[in-house]
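This report concerns only the one structure given below.
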Amino acid sequence: MRQSGAEILTSDSGADWPGPVYDDTGNTGRRLAESAAVPQTDITVGVRVLKAYMYTSDRILITYQLLQDAPLMAENLIADALGERIGRITNTEFTTYAGGDGPQGLIRGTTLGVTAAATGAVTADELERLIFTVPVVYRPGSRFMMHDNTYRDILQLKDGEGRYQFMPDPRADPMDVRIWGLPSVINNDMPTMATGNIAIECGNFSHYKIRDVRGFTLLRLNELYAANLQVGFLGFSRHDGGYINAGQNPIQHLLMA
C-alpha cells in the first residue's frame, strides 16, 4: 500500500486528526456580465478523522552470548525483522480490514467498476473497461493493484494469433509490464481471482491516506529476562489508514463473478 502512491501523513502526536472531505465536481465557475452580482455556490464539506492505532511486533528474546558476539549486527537484524512484522500487519489491514476498530481496508471502500464474466480469469477487454470507469479527472497517475498471481495470469493473456497481449518495454525492467499503459502495484494482501473476490483495484491511490505517528520504536528489555541471561526486544508504532472519497470514486475495482 505504501508503494501505491497513497499519501503518507506524519504527525508528532496520536491525537485524532480530522481532515476535510468534499465533492465539488458538480459545480463550475461562470462567465459574469459587467457589474453583475456574483452568485453564491457553497461547498458541502465533511470530516474524516484518522486515528492512531497501536501496532506491536510481539516480543523476542536474544541471548547475552549472541549480543556479545555480534552486538551491532544482532540489533540491526532485530530492528529490521520487528519493523517488517509491523509492516506486514499494517499492509494487510490497509488493504482488507473491515472492522470498526482499525484502519479502513482499501477494498472495503472502493467502487465496483467491472464484474468479470469468469470466476477465475479476466480478459484484456475487462481490464480496459475498468480503466475507463475511473473518472477522467482522476485517470492521470492511475495504476492497477493486484496479487502477484493475478499479475502473472494477466501477463499470460494471448490474442487469437497466440501473441502475448501485454509485452515488456525492451528499454525497461522486463518484469515491469504495463497493462494498457498503466503500471501495476503488486500487493499480496489483495485477494486472488476466485468467486466473489475483489481481485483488482484501479485508479489514483493518492486518495488513500496512511497516517504514521512519529516512527517505529524499538524497546530493549534488559532487566526483565536477566535471570536467564537473555534480553527482550519489542517494537511498536501507531498508524491509521482510510480511503477519502466524497463521491468522486477515484478508485474502482474489478469483482470476480
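Within each chain, counting starts at residue 1; across the C-alpha cells, chains are named A, B, ... in the order shown, with ligands numbered 1 upward in that order.
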
Contacts of stretch 116-129 of chain A within 7 Å, only C-alpha atoms, excl. fewer than 6 positions in-chain, as a ChimeraX atom specification: /A:180,193-195,254-257

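Once A:Gly141 and its same-chain neighbours fewer than 5 positions away are set aside, Ser4, Gly5, Ala6, Ile131, Val134, Val136, Gly181, Leu182, Pro183, Ser184, Cys202, Gly203, Asn204, Phe205, Ser206, His207, Pro250 and Ile251 of chain A remain within 12 Å of it when counting only C-alpha atoms.
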
Between A:Leu224, A:Leu219, A:Ala246, A:Met167, which residue has the minimum interatomic distance to A:Thr44, considering only C-alpha atoms?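 Result for the nearest residue to A:Thr44: A:Ala246.
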
Could you pull the residues within 9 Å of A:Asp58, counting only C-alpha atoms, minus those fewer than 3 positions along the same chain, as a PyMOL selection string? chain A and resi 82+85+233-236

Taking only C-alpha atoms into account, name the residue in A:Asn249, A:Thr41, A:Asn188, A:Ser237 that is nearest to A:Thr96.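 Result for the nearest residue to A:Thr96: A:Asn188.
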